[in-house]
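Colleague: Okay, so here is upload-v1.cif, and as you'll see once you scroll down, it has mmCIF, C-alpha atoms and all ligand atoms.
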```cif
data_data
#
loop_
_atom_site.group_PDB
_atom_site.id
_atom_site.type_symbol
_atom_site.label_atom_id
_atom_site.label_comp_id
_atom_site.auth_asym_id
_atom_site.auth_seq_id
_atom_site.Cartn_x
_atom_site.Cartn_y
_atom_site.Cartn_z
ATOM 1 C CA MET A 264 67.654 28.900 76.644
ATOM 2 C CA ASP A 265 69.459 32.036 75.520
ATOM 3 C CA VAL A 266 68.488 35.641 75.148
ATOM 4 C CA PRO A 267 67.503 36.086 71.456
ATOM 5 C CA ILE A 268 70.007 37.602 69.021
ATOM 6 C CA VAL A 269 68.687 39.562 66.048
ATOM 7 C CA ASP A 270 70.974 40.267 63.086
ATOM 8 C CA LEU A 271 69.834 43.611 61.710
ATOM 9 C CA SER A 272 71.890 43.243 58.518
ATOM 10 C CA ASN A 273 69.473 40.637 57.158
ATOM 11 C CA PRO A 274 68.129 42.225 53.929
ATOM 12 C CA ASN A 275 64.642 40.880 54.657
ATOM 13 C CA GLU A 276 63.383 43.745 56.838
ATOM 14 C CA ASP A 277 60.041 42.047 57.542
ATOM 15 C CA LEU A 278 61.837 39.078 59.028
ATOM 16 C CA VAL A 279 64.047 41.317 61.183
ATOM 17 C CA ALA A 280 61.053 43.333 62.380
ATOM 18 C CA ARG A 281 59.184 40.150 63.292
ATOM 19 C CA ALA A 282 62.167 38.813 65.241
ATOM 20 C CA VAL A 283 62.384 42.081 67.216
ATOM 21 C CA VAL A 284 58.646 41.976 67.960
ATOM 22 C CA LYS A 285 58.734 38.301 69.004
ATOM 23 C CA ALA A 286 61.725 38.865 71.300
ATOM 24 C CA SER A 287 59.946 41.856 72.882
ATOM 25 C CA GLU A 288 56.764 39.841 73.443
ATOM 26 C CA GLU A 289 58.456 36.745 74.849
ATOM 27 C CA TRP A 290 61.550 38.108 76.578
ATOM 28 C CA GLY A 291 61.585 41.902 76.738
ATOM 29 C CA ILE A 292 65.347 41.630 76.264
ATOM 30 C CA PHE A 293 67.430 40.731 73.223
ATOM 31 C CA GLN A 294 70.721 41.461 71.559
ATOM 32 C CA VAL A 295 71.084 43.211 68.207
ATOM 33 C CA VAL A 296 74.162 42.657 66.047
ATOM 34 C CA ASN A 297 75.229 44.315 62.765
ATOM 35 C CA HIS A 298 73.047 47.217 63.869
ATOM 36 C CA GLY A 299 74.793 49.935 61.885
ATOM 37 C CA ILE A 300 76.605 51.653 64.780
ATOM 38 C CA PRO A 301 80.295 51.378 63.849
ATOM 39 C CA PRO A 302 82.143 48.915 66.130
ATOM 40 C CA GLU A 303 85.005 51.436 66.321
ATOM 41 C CA LEU A 304 82.626 54.036 67.809
ATOM 42 C CA ILE A 305 81.437 51.527 70.428
ATOM 43 C CA ARG A 306 85.063 50.687 71.215
ATOM 44 C CA ARG A 307 85.835 54.397 71.691
ATOM 45 C CA LEU A 308 82.719 54.943 73.797
ATOM 46 C CA LYS A 309 83.948 52.231 76.170
ATOM 47 C CA GLU A 310 87.482 53.579 76.087
ATOM 48 C CA VAL A 311 86.578 57.164 77.052
ATOM 49 C CA GLY A 312 84.184 55.995 79.778
ATOM 50 C CA THR A 313 86.744 53.590 81.229
ATOM 51 C CA LYS A 314 89.407 56.321 81.207
ATOM 52 C CA PHE A 315 87.064 58.643 83.098
ATOM 53 C CA PHE A 316 86.460 56.073 85.841
ATOM 54 C CA GLU A 317 90.199 55.470 86.142
ATOM 55 C CA LEU A 318 90.838 59.154 86.931
ATOM 56 C CA PRO A 319 91.598 60.184 90.528
ATOM 57 C CA GLU A 320 88.493 60.715 92.674
ATOM 58 C CA THR A 321 89.065 64.498 92.715
ATOM 59 C CA GLU A 322 88.758 64.649 88.915
ATOM 60 C CA LYS A 323 85.562 62.600 88.991
ATOM 61 C CA GLU A 324 84.129 64.854 91.680
ATOM 62 C CA ALA A 325 84.271 67.701 89.120
ATOM 63 C CA VAL A 326 81.092 66.226 87.596
ATOM 64 C CA ALA A 327 79.556 65.028 90.881
ATOM 65 C CA LYS A 328 75.788 65.067 91.312
ATOM 66 C CA PRO A 329 75.127 68.126 93.510
ATOM 67 C CA GLU A 330 73.958 67.231 97.059
ATOM 68 C CA ASP A 331 70.720 69.185 96.683
ATOM 69 C CA SER A 332 69.908 68.048 93.134
ATOM 70 C CA VAL A 333 66.575 66.327 92.543
ATOM 71 C CA ASP A 334 67.712 65.195 89.095
ATOM 72 C CA VAL A 335 69.850 62.109 88.385
ATOM 73 C CA GLU A 336 72.650 63.750 86.411
ATOM 74 C CA GLY A 337 76.208 63.573 87.723
ATOM 75 C CA TYR A 338 78.722 61.155 89.206
ATOM 76 C CA ARG A 339 78.106 59.318 92.469
ATOM 77 C CA THR A 340 78.618 56.172 94.464
ATOM 78 C CA LYS A 341 75.459 54.367 95.435
ATOM 79 C CA TYR A 342 74.942 51.799 98.165
ATOM 80 C CA GLN A 343 71.702 49.898 98.630
ATOM 81 C CA LYS A 344 70.444 46.494 99.783
ATOM 82 C CA ASP A 345 68.618 44.030 97.575
ATOM 83 C CA LEU A 346 65.658 41.908 98.746
ATOM 84 C CA GLU A 347 67.933 39.152 100.067
ATOM 85 C CA GLY A 348 69.865 41.675 102.134
ATOM 86 C CA ARG A 349 72.918 41.661 99.883
ATOM 87 C CA ASN A 350 74.854 44.878 99.596
ATOM 88 C CA ALA A 351 74.720 46.504 96.214
ATOM 89 C CA TRP A 352 77.267 49.098 95.311
ATOM 90 C CA VAL A 353 78.181 50.791 92.139
ATOM 91 C CA ASP A 354 79.847 54.024 91.070
ATOM 92 C CA HIS A 355 77.923 55.647 88.319
ATOM 93 C CA LEU A 356 77.661 58.654 86.083
ATOM 94 C CA PHE A 357 74.444 59.873 84.491
ATOM 95 C CA HIS A 358 74.145 62.530 81.804
ATOM 96 C CA ARG A 359 71.625 63.189 79.080
ATOM 97 C CA ILE A 360 72.877 62.849 75.509
ATOM 98 C CA TRP A 361 69.700 63.904 73.643
ATOM 99 C CA PRO A 362 67.870 66.180 72.831
ATOM 100 C CA PRO A 363 70.485 68.980 72.642
ATOM 101 C CA SER A 364 68.180 71.283 74.642
ATOM 102 C CA ARG A 365 68.381 68.849 77.607
ATOM 103 C CA VAL A 366 72.134 68.286 77.516
ATOM 104 C CA SER A 367 74.080 69.810 80.458
ATOM 105 C CA TYR A 368 77.733 69.618 79.565
ATOM 106 C CA ARG A 369 78.640 70.383 83.184
ATOM 107 C CA PHE A 370 77.956 66.692 83.882
ATOM 108 C CA TRP A 371 80.019 65.444 80.919
ATOM 109 C CA PRO A 372 83.613 64.590 81.860
ATOM 110 C CA LYS A 373 86.191 67.069 80.496
ATOM 111 C CA LEU A 374 88.738 64.250 80.482
ATOM 112 C CA PRO A 375 89.575 62.346 78.434
ATOM 113 C CA MET A 376 89.516 65.134 75.867
ATOM 114 C CA ASP A 377 87.548 63.168 73.259
ATOM 115 C CA TYR A 378 84.782 62.180 75.736
ATOM 116 C CA ARG A 379 82.354 64.759 74.347
ATOM 117 C CA GLU A 380 82.967 64.102 70.646
ATOM 118 C CA VAL A 381 82.546 60.336 71.086
ATOM 119 C CA ASN A 382 79.378 60.630 73.176
ATOM 120 C CA GLU A 383 77.805 63.113 70.759
ATOM 121 C CA ASP A 384 78.535 60.796 67.866
ATOM 122 C CA TYR A 385 77.131 57.805 69.765
ATOM 123 C CA ALA A 386 73.945 59.765 70.597
ATOM 124 C CA LYS A 387 73.281 60.454 66.903
ATOM 125 C CA HIS A 388 73.830 56.853 65.862
ATOM 126 C CA LEU A 389 71.893 55.404 68.774
ATOM 127 C CA LYS A 390 68.904 57.680 68.143
ATOM 128 C CA LYS A 391 68.654 56.306 64.596
ATOM 129 C CA LEU A 392 68.827 52.694 65.789
ATOM 130 C CA SER A 393 66.376 53.332 68.589
ATOM 131 C CA GLU A 394 63.839 54.978 66.260
ATOM 132 C CA LYS A 395 64.074 52.072 63.822
ATOM 133 C CA ILE A 396 63.375 49.583 66.611
ATOM 134 C CA MET A 397 60.514 51.698 67.978
ATOM 135 C CA GLU A 398 59.010 51.773 64.471
ATOM 136 C CA TRP A 399 59.143 47.990 64.187
ATOM 137 C CA LEU A 400 57.611 47.661 67.645
ATOM 138 C CA SER A 401 54.774 50.051 66.674
ATOM 139 C CA GLU A 402 54.050 48.034 63.549
ATOM 140 C CA GLY A 403 54.143 44.877 65.666
ATOM 141 C CA LEU A 404 51.177 46.341 67.543
ATOM 142 C CA GLY A 405 49.379 46.835 64.221
ATOM 143 C CA LEU A 406 49.869 50.607 64.444
ATOM 144 C CA ARG A 407 51.509 53.427 62.475
ATOM 145 C CA ARG A 408 55.280 53.299 62.741
ATOM 146 C CA GLU A 409 55.409 56.597 64.681
ATOM 147 C CA ALA A 410 52.910 55.437 67.328
ATOM 148 C CA LEU A 411 55.326 54.455 70.121
ATOM 149 C CA ILE A 412 57.704 57.383 69.566
ATOM 150 C CA GLU A 413 54.792 59.821 69.638
ATOM 151 C CA GLY A 414 53.294 58.145 72.713
ATOM 152 C CA LEU A 415 56.634 58.519 74.468
ATOM 153 C CA GLY A 416 56.765 62.224 73.653
ATOM 154 C CA GLY A 417 58.000 62.609 70.034
ATOM 155 C CA GLU A 418 60.651 65.331 69.794
ATOM 156 C CA THR A 419 60.809 65.662 73.580
ATOM 157 C CA VAL A 420 61.940 62.046 74.135
ATOM 158 C CA GLU A 421 65.166 62.002 76.169
ATOM 159 C CA TYR A 422 68.230 59.753 75.966
ATOM 160 C CA LEU A 423 69.916 59.330 79.327
ATOM 161 C CA MET A 424 73.417 57.832 79.382
ATOM 162 C CA LYS A 425 74.494 55.940 82.489
ATOM 163 C CA ILE A 426 77.874 54.388 83.135
ATOM 164 C CA ASN A 427 77.951 51.715 85.847
ATOM 165 C CA TYR A 428 81.369 50.885 87.310
ATOM 166 C CA TYR A 429 81.384 47.661 89.343
ATOM 167 C CA PRO A 430 84.717 46.844 91.021
ATOM 168 C CA PRO A 431 85.714 43.153 91.281
ATOM 169 C CA CYS A 432 84.116 41.290 94.144
ATOM 170 C CA PRO A 433 85.265 37.893 95.428
ATOM 171 C CA ASP A 434 82.032 37.024 97.256
ATOM 172 C CA GLN A 435 78.930 36.947 95.044
ATOM 173 C CA ASP A 436 76.691 35.905 97.949
ATOM 174 C CA LEU A 437 77.308 39.156 99.764
ATOM 175 C CA VAL A 438 77.354 41.698 97.005
ATOM 176 C CA ILE A 439 75.340 42.297 93.847
ATOM 177 C CA GLY A 440 76.013 45.023 91.256
ATOM 178 C CA ALA A 441 72.453 45.954 90.298
ATOM 179 C CA PRO A 442 69.569 44.307 92.227
ATOM 180 C CA ASP A 443 66.746 42.802 90.116
ATOM 181 C CA HIS A 444 64.510 45.356 88.554
ATOM 182 C CA THR A 445 62.643 46.287 85.406
ATOM 183 C CA ASP A 446 63.564 49.569 83.730
ATOM 184 C CA VAL A 447 61.085 52.363 84.358
ATOM 185 C CA ASN A 448 61.572 54.006 80.930
ATOM 186 C CA GLY A 449 60.479 53.064 77.386
ATOM 187 C CA ILE A 450 63.455 51.137 76.048
ATOM 188 C CA THR A 451 67.133 50.774 76.994
ATOM 189 C CA PHE A 452 70.239 50.138 74.865
ATOM 190 C CA LEU A 453 73.201 48.672 76.732
ATOM 191 C CA VAL A 454 76.818 47.926 75.912
ATOM 192 C CA ALA A 455 79.386 46.638 78.392
ATOM 193 C CA ASN A 456 83.038 45.690 78.697
ATOM 194 C CA GLU A 457 84.259 42.100 78.496
ATOM 195 C CA ALA A 458 83.349 41.153 82.096
ATOM 196 C CA LEU A 459 79.946 39.459 81.908
ATOM 197 C CA GLY A 460 77.386 40.048 84.650
ATOM 198 C CA LEU A 461 74.029 40.986 83.157
ATOM 199 C CA GLN A 462 71.341 38.365 83.811
ATOM 200 C CA ALA A 463 67.742 38.201 82.612
ATOM 201 C CA PHE A 464 64.922 36.472 84.506
ATOM 202 C CA LYS A 465 62.855 34.113 82.381
ATOM 203 C CA ASP A 466 60.581 31.218 83.377
ATOM 204 C CA ASN A 467 61.893 31.325 86.947
ATOM 205 C CA HIS A 468 65.570 31.207 85.963
ATOM 206 C CA TRP A 469 68.337 33.767 85.861
ATOM 207 C CA ILE A 470 69.987 33.559 82.456
ATOM 208 C CA ASP A 471 73.423 35.009 81.667
ATOM 209 C CA VAL A 472 73.300 37.487 78.820
ATOM 210 C CA LYS A 473 76.210 36.613 76.531
ATOM 211 C CA TYR A 474 76.912 39.674 74.482
ATOM 212 C CA THR A 475 79.678 40.352 72.031
ATOM 213 C CA THR A 476 82.065 43.325 71.903
ATOM 214 C CA SER A 477 79.948 45.293 69.467
ATOM 215 C CA GLY A 478 76.497 43.792 70.061
ATOM 216 C CA ILE A 479 73.917 45.982 71.817
ATOM 217 C CA ILE A 480 71.469 44.659 74.402
ATOM 218 C CA VAL A 481 67.956 46.030 74.043
ATOM 219 C CA ILE A 482 65.743 46.010 77.145
ATOM 220 C CA VAL A 483 62.034 46.839 76.974
ATOM 221 C CA GLY A 484 61.019 48.966 79.961
ATOM 222 C CA ASP A 485 57.843 49.653 81.933
ATOM 223 C CA GLN A 486 56.688 52.531 79.742
ATOM 224 C CA PHE A 487 56.544 50.328 76.622
ATOM 225 C CA HIS A 488 54.992 47.483 78.600
ATOM 226 C CA ARG A 489 52.176 49.806 79.586
ATOM 227 C CA MET A 490 51.928 51.700 76.281
ATOM 228 C CA SER A 491 51.608 48.362 74.425
ATOM 229 C CA ASN A 492 48.844 47.442 76.895
ATOM 230 C CA GLY A 493 50.940 44.561 78.177
ATOM 231 C CA LYS A 494 51.904 43.088 74.801
ATOM 232 C CA TYR A 495 55.614 43.810 75.213
ATOM 233 C CA MET A 496 57.358 42.468 78.298
ATOM 234 C CA SER A 497 59.339 44.679 80.595
ATOM 235 C CA ALA A 498 62.345 42.441 81.268
ATOM 236 C CA LYS A 499 63.397 41.722 84.839
ATOM 237 C CA HIS A 500 67.192 41.822 84.993
ATOM 238 C CA ARG A 501 70.094 42.287 87.382
ATOM 239 C CA ALA A 502 73.873 42.627 87.252
ATOM 240 C CA THR A 503 76.327 40.527 89.220
ATOM 241 C CA MET A 504 79.934 41.523 89.874
ATOM 242 C CA ASP A 505 82.926 39.663 88.540
ATOM 243 C CA LYS A 506 85.292 37.959 90.985
ATOM 244 C CA GLU A 507 88.434 39.378 89.363
ATOM 245 C CA LYS A 508 87.562 41.945 86.760
ATOM 246 C CA THR A 509 86.056 45.390 86.935
ATOM 247 C CA ARG A 510 82.786 45.389 85.065
ATOM 248 C CA ILE A 511 81.545 48.513 83.293
ATOM 249 C CA SER A 512 78.241 48.924 81.479
ATOM 250 C CA TRP A 513 76.764 51.785 79.453
ATOM 251 C CA PRO A 514 72.960 51.643 79.355
ATOM 252 C CA VAL A 515 71.158 54.489 77.556
ATOM 253 C CA PHE A 516 67.598 54.931 78.807
ATOM 254 C CA VAL A 517 65.122 56.243 76.229
ATOM 255 C CA GLU A 518 62.317 57.901 78.150
ATOM 256 C CA SER A 519 59.641 60.571 78.266
ATOM 257 C CA SER A 520 60.404 63.999 79.629
ATOM 258 C CA LEU A 521 59.236 64.242 83.249
ATOM 259 C CA ASP A 522 56.036 66.190 82.530
ATOM 260 C CA HIS A 523 54.869 63.979 79.683
ATOM 261 C CA GLU A 524 51.768 61.847 80.233
ATOM 262 C CA PHE A 525 51.909 58.316 78.838
ATOM 263 C CA ALA A 526 49.276 55.590 78.739
ATOM 264 C CA PRO A 527 48.289 52.476 76.769
ATOM 265 C CA LEU A 528 48.275 53.790 73.176
ATOM 266 C CA ARG A 529 44.835 55.081 72.300
ATOM 267 C CA GLU A 530 44.798 53.351 68.897
ATOM 268 C CA LEU A 531 45.140 50.000 70.713
ATOM 269 C CA ILE A 532 42.090 50.539 72.849
ATOM 270 C CA THR A 533 39.382 49.514 70.434
ATOM 271 C CA GLY A 534 36.278 47.824 71.762
ATOM 272 C CA GLU A 535 35.559 45.889 74.914
ATOM 273 C CA ASP A 536 38.173 43.203 74.380
ATOM 274 C CA ASN A 537 40.904 45.814 74.417
ATOM 275 C CA ALA A 538 40.189 47.780 77.563
ATOM 276 C CA PRO A 539 43.256 49.615 78.905
ATOM 277 C CA LYS A 540 45.084 47.467 81.455
ATOM 278 C CA PHE A 541 47.029 50.373 82.913
ATOM 279 C CA LYS A 542 46.334 53.868 84.212
ATOM 280 C CA PRO A 543 47.763 56.922 82.452
ATOM 281 C CA TYR A 544 50.652 58.556 84.311
ATOM 282 C CA VAL A 545 52.676 61.719 84.147
ATOM 283 C CA TYR A 546 56.154 60.203 83.867
ATOM 284 C CA LYS A 547 57.574 61.908 86.958
ATOM 285 C CA ASP A 548 54.720 60.574 89.118
ATOM 286 C CA PHE A 549 55.184 57.099 87.697
ATOM 287 C CA LYS A 550 58.921 57.177 88.400
ATOM 288 C CA PHE A 551 58.338 58.437 91.926
ATOM 289 C CA ARG A 552 55.750 55.770 92.767
ATOM 290 C CA LYS A 553 57.911 53.025 91.330
ATOM 291 C CA LEU A 554 60.996 54.212 93.209
ATOM 292 C CA LYS A 555 59.037 54.366 96.456
ATOM 293 C CA LYS A 556 57.464 50.949 95.702
ATOM 294 C CA LEU A 557 53.940 52.427 95.895
ATOM 295 C CA PRO A 558 51.035 50.669 94.119
ATOM 296 C CA LEU A 559 50.785 51.700 90.467
ATOM 297 C CA ASP A 560 47.355 50.536 89.281
HETATM 298 O O1 LIG B 601 75.160 46.637 84.358
HETATM 299 C C1 LIG B 601 74.272 46.076 83.750
HETATM 300 O O2 LIG B 601 74.494 45.239 82.874
HETATM 301 C C2 LIG B 601 72.831 46.400 84.049
HETATM 302 C C3 LIG B 601 72.651 47.789 84.572
HETATM 303 C C4 LIG B 601 71.263 48.133 84.890
HETATM 304 O O3 LIG B 601 70.364 47.315 84.833
HETATM 305 C C5 LIG B 601 70.937 49.515 85.279
HETATM 306 O O4 LIG B 601 71.840 50.335 85.411
HETATM 307 O O5 LIG B 601 69.723 49.807 85.429
#
```
What would the structure in this file look like if it were written as structure tokens?
Ligand SMILES: O=C(O)CCC(=O)C(=O)O
Modeller:
Amino acid sequence: MDVPIVDLSNPNEDLVARAVVKASEEWGIFQVVNHGIPPELIRRLKEVGTKFFELPETEKEAVAKPEDSVDVEGYRTKYQKDLEGRNAWVDHLFHRIWPPSRVSYRFWPKLPMDYREVNEDYAKHLKKLSEKIMEWLSEGLGLRREALIEGLGGETVEYLMKINYYPPCPDQDLVIGAPDHTDVNGITFLVANEALGLQAFKDNHWIDVKYTTSGIIVIVGDQFHRMSNGKYMSAKHRATMDKEKTRISWPVFVESSLDHEFAPLRELITGEDNAPKFKPYVYKDFKFRKLKKLPLD
């Protein structure tokens, strides 16, 4: 049993769209290949991010998350415990890459010099890919192709880049990179370096996600699970650390702006058989309740 792979270069768009919909219904996680984002751009994205994390700590502190900030943007080291009491630690950097009005360059590394150019280019390409996939997912619900994008906030939808830096760890029983979770946002697009570690939970098993150098992992998050009234799965996943290699991953979270209210899409709620399964939420309240593990429905 492997995480589905969808080849987007197949000229039969209907077939591609159906494969994306099926993977989102059954898994909530899949890999796309030949997706139109140039492999060279993905290679450079990984190169500039890796170079940033290899800089001395003082350089990285230049984009540190301010102590008093209530937002996620900036560089920091995070320690936490997972449910089995394992330590989880990861250095990470968050910064928005879209829309331009929400980009704070103060959290974008100044070094390496081409960091900004590469990330801006990636944002433009990724937005196109993301919108295509959201359109297919809307049609998979029997709706207009704009339905999910609009429900997520249309022009105000944000793209949040995160870089996770997991140092090598010899003892997997003691330390985990990212504890199991589902993503809180609409949909996530993830690339990583050659050290594998991402695992998806399916039918009571943890399954290694085997991605290729220029493949992109797509993860359906809680917002799309709820907006699709439960039709699309929000994939439970986690990241383990490699015994010898440093693992780095670059998820981009596509999400509503904090004040946007989202709910099961109104066009889906037709008649008694299709009652909404989830409450509407202003995104910031939803995020807060999920983070604090408070009941949601
Ligand atoms: O590193 C990975 O592959 C997964 C990261 C992740 O799930 C997260 O940052 O939320």
Colleague: Select, from A:Thr313, A:Ser401, A:Thr533, A:Ser512, the residue with the minimum atom-to-atom distance to Gly414 (chain A), counting all atoms listed in the file.
Modeller: A:Ser401
Colleague: Check which residues fall inside 10 Å of ligand LIG 601 (chain B) when counting all atoms listed in the file, and print them as a ChimeraX atom specification.
Modeller: /A:353,355,357,424-429,440-447,451,453-456,458-463,472,480,482,499-504,510-516
Colleague: Could you write out the selected residues, including C-alpha atoms, as a PDB file, keeping the file's coordinate frame?
Modeller:
```pdb
ATOM      1  CA  VAL A 353      78.181  50.791  92.139  1.00  0.00           C
ATOM      2  CA  HIS A 355      77.923  55.647  88.319  1.00  0.00           C
ATOM      3  CA  PHE A 357      74.444  59.873  84.491  1.00  0.00           C
ATOM      4  CA  MET A 424      73.417  57.832  79.382  1.00  0.00           C
ATOM      5  CA  LYS A 425      74.494  55.940  82.489  1.00  0.00           C
ATOM      6  CA  ILE A 426      77.874  54.388  83.135  1.00  0.00           C
ATOM      7  CA  ASN A 427      77.951  51.715  85.847  1.00  0.00           C
ATOM      8  CA  TYR A 428      81.369  50.885  87.310  1.00  0.00           C
ATOM      9  CA  TYR A 429      81.384  47.661  89.343  1.00  0.00           C
ATOM     10  CA  GLY A 440      76.013  45.023  91.256  1.00  0.00           C
ATOM     11  CA  ALA A 441      72.453  45.954  90.298  1.00  0.00           C
ATOM     12  CA  PRO A 442      69.569  44.307  92.227  1.00  0.00           C
ATOM     13  CA  ASP A 443      66.746  42.802  90.116  1.00  0.00           C
ATOM     14  CA  HIS A 444      64.510  45.356  88.554  1.00  0.00           C
ATOM     15  CA  THR A 445      62.643  46.287  85.406  1.00  0.00           C
ATOM     16  CA  ASP A 446      63.564  49.569  83.730  1.00  0.00           C
ATOM     17  CA  VAL A 447      61.085  52.363  84.358  1.00  0.00           C
ATOM     18  CA  THR A 451      67.133  50.774  76.994  1.00  0.00           C
ATOM     19  CA  LEU A 453      73.201  48.672  76.732  1.00  0.00           C
ATOM     20  CA  VAL A 454      76.818  47.926  75.912  1.00  0.00           C
ATOM     21  CA  ALA A 455      79.386  46.638  78.392  1.00  0.00           C
ATOM     22  CA  ASN A 456      83.038  45.690  78.697  1.00  0.00           C
ATOM     23  CA  ALA A 458      83.349  41.153  82.096  1.00  0.00           C
ATOM     24  CA  LEU A 459      79.946  39.459  81.908  1.00  0.00           C
ATOM     25  CA  GLY A 460      77.386  40.048  84.650  1.00  0.00           C
ATOM     26  CA  LEU A 461      74.029  40.986  83.157  1.00  0.00           C
ATOM     27  CA  GLN A 462      71.341  38.365  83.811  1.00  0.00           C
ATOM     28  CA  ALA A 463      67.742  38.201  82.612  1.00  0.00           C
ATOM     29  CA  VAL A 472      73.300  37.487  78.820  1.00  0.00           C
ATOM     30  CA  ILE A 480      71.469  44.659  74.402  1.00  0.00           C
ATOM     31  CA  ILE A 482      65.743  46.010  77.145  1.00  0.00           C
ATOM     32  CA  LYS A 499      63.397  41.722  84.839  1.00  0.00           C
ATOM     33  CA  HIS A 500      67.192  41.822  84.993  1.00  0.00           C
ATOM     34  CA  ARG A 501      70.094  42.287  87.382  1.00  0.00           C
ATOM     35  CA  ALA A 502      73.873  42.627  87.252  1.00  0.00           C
ATOM     36  CA  THR A 503      76.327  40.527  89.220  1.00  0.00           C
ATOM     37  CA  MET A 504      79.934  41.523  89.874  1.00  0.00           C
ATOM     38  CA  ARG A 510      82.786  45.389  85.065  1.00  0.00           C
ATOM     39  CA  ILE A 511      81.545  48.513  83.293  1.00  0.00           C
ATOM     40  CA  SER A 512      78.241  48.924  81.479  1.00  0.00           C
ATOM     41  CA  TRP A 513      76.764  51.785  79.453  1.00  0.00           C
ATOM     42  CA  PRO A 514      72.960  51.643  79.355  1.00  0.00           C
ATOM     43  CA  VAL A 515      71.158  54.489  77.556  1.00  0.00           C
ATOM     44  CA  PHE A 516      67.598  54.931  78.807  1.00  0.00           C
TER      45      PHE A 516
END
```
Colleague: Using Å and a single decimal, report how far CA of Gly312 (chain A) sits from CA of Ile412 (chain A).
Modeller: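 Taking CA of Ile412 (chain A) as the start and CA of Gly312 (chain A) as the end point, the length is 28.4 Å.
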Colleague: Report as a list in words the residues that result from applying the PyMOL selection byres (((chain A and resi 484) around 9) and not hetatm) to the structure here.
Modeller: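 With the shown file as input, the PyMOL selection byres (((chain A and resi 484) around 9) and not hetatm) matches Gly291, Thr445, Asp446, Val447, Asn448, Gly449, Ile450, Thr451, Ile482, Val483, Asp485, Gln486, Phe487, His488, Arg489, Tyr495, Met496, Ser497, Ala498 and Phe516 of chain A.
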Colleague: Given the file shown, determine the residues that the PyMOL selection byres (((chain A and resi 546) around 10) and not hetatm) selects; report them as a list in words.
Modeller: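 Given this file, the PyMOL selection byres (((chain A and resi 546) around 10) and not hetatm) evaluates to Leu415, Val447, Asn448, Gln486, Glu518, Ser519, Ser520, Leu521, Asp522, His523, Glu524, Phe525, Ala526, Pro543, Tyr544, Val545, Lys547, Asp548, Phe549, Lys550, Phe551 and Arg552 of chain A.
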Colleague: So what do you get for CA of Val517 (chain A) versus CA of Ser393 (chain A), distance-wise?
Modeller: 8.3 Å
Colleague: Name every residue that the PyMOL selection byres (((chain A and resi 315) around 12) and not hetatm) selects in this structure, writing the answer as a VMD selection string with chains first and numbers rising.
Modeller: chain A and resid 308 to 314 316 to 326 338 354 to 356 371 to 379 426 to 428 511
Colleague: In Å, with one decimal, what is the gap from CA of Glu398 (chain A) to CA of Pro301 (chain A)?
Modeller: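 Between CA of Glu398 (chain A) and CA of Pro301 (chain A) the gap works out to 21.3 Å.
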Colleague: Can you work out which one of A:Asp505, A:Glu530, A:Asp270, A:Asp277 has the shortest atom-to-atom distance to Gln435 (chain A), counting all atoms listed in the file?
Modeller: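 Closest residue, counting all atoms listed in the file: A:Asp505.
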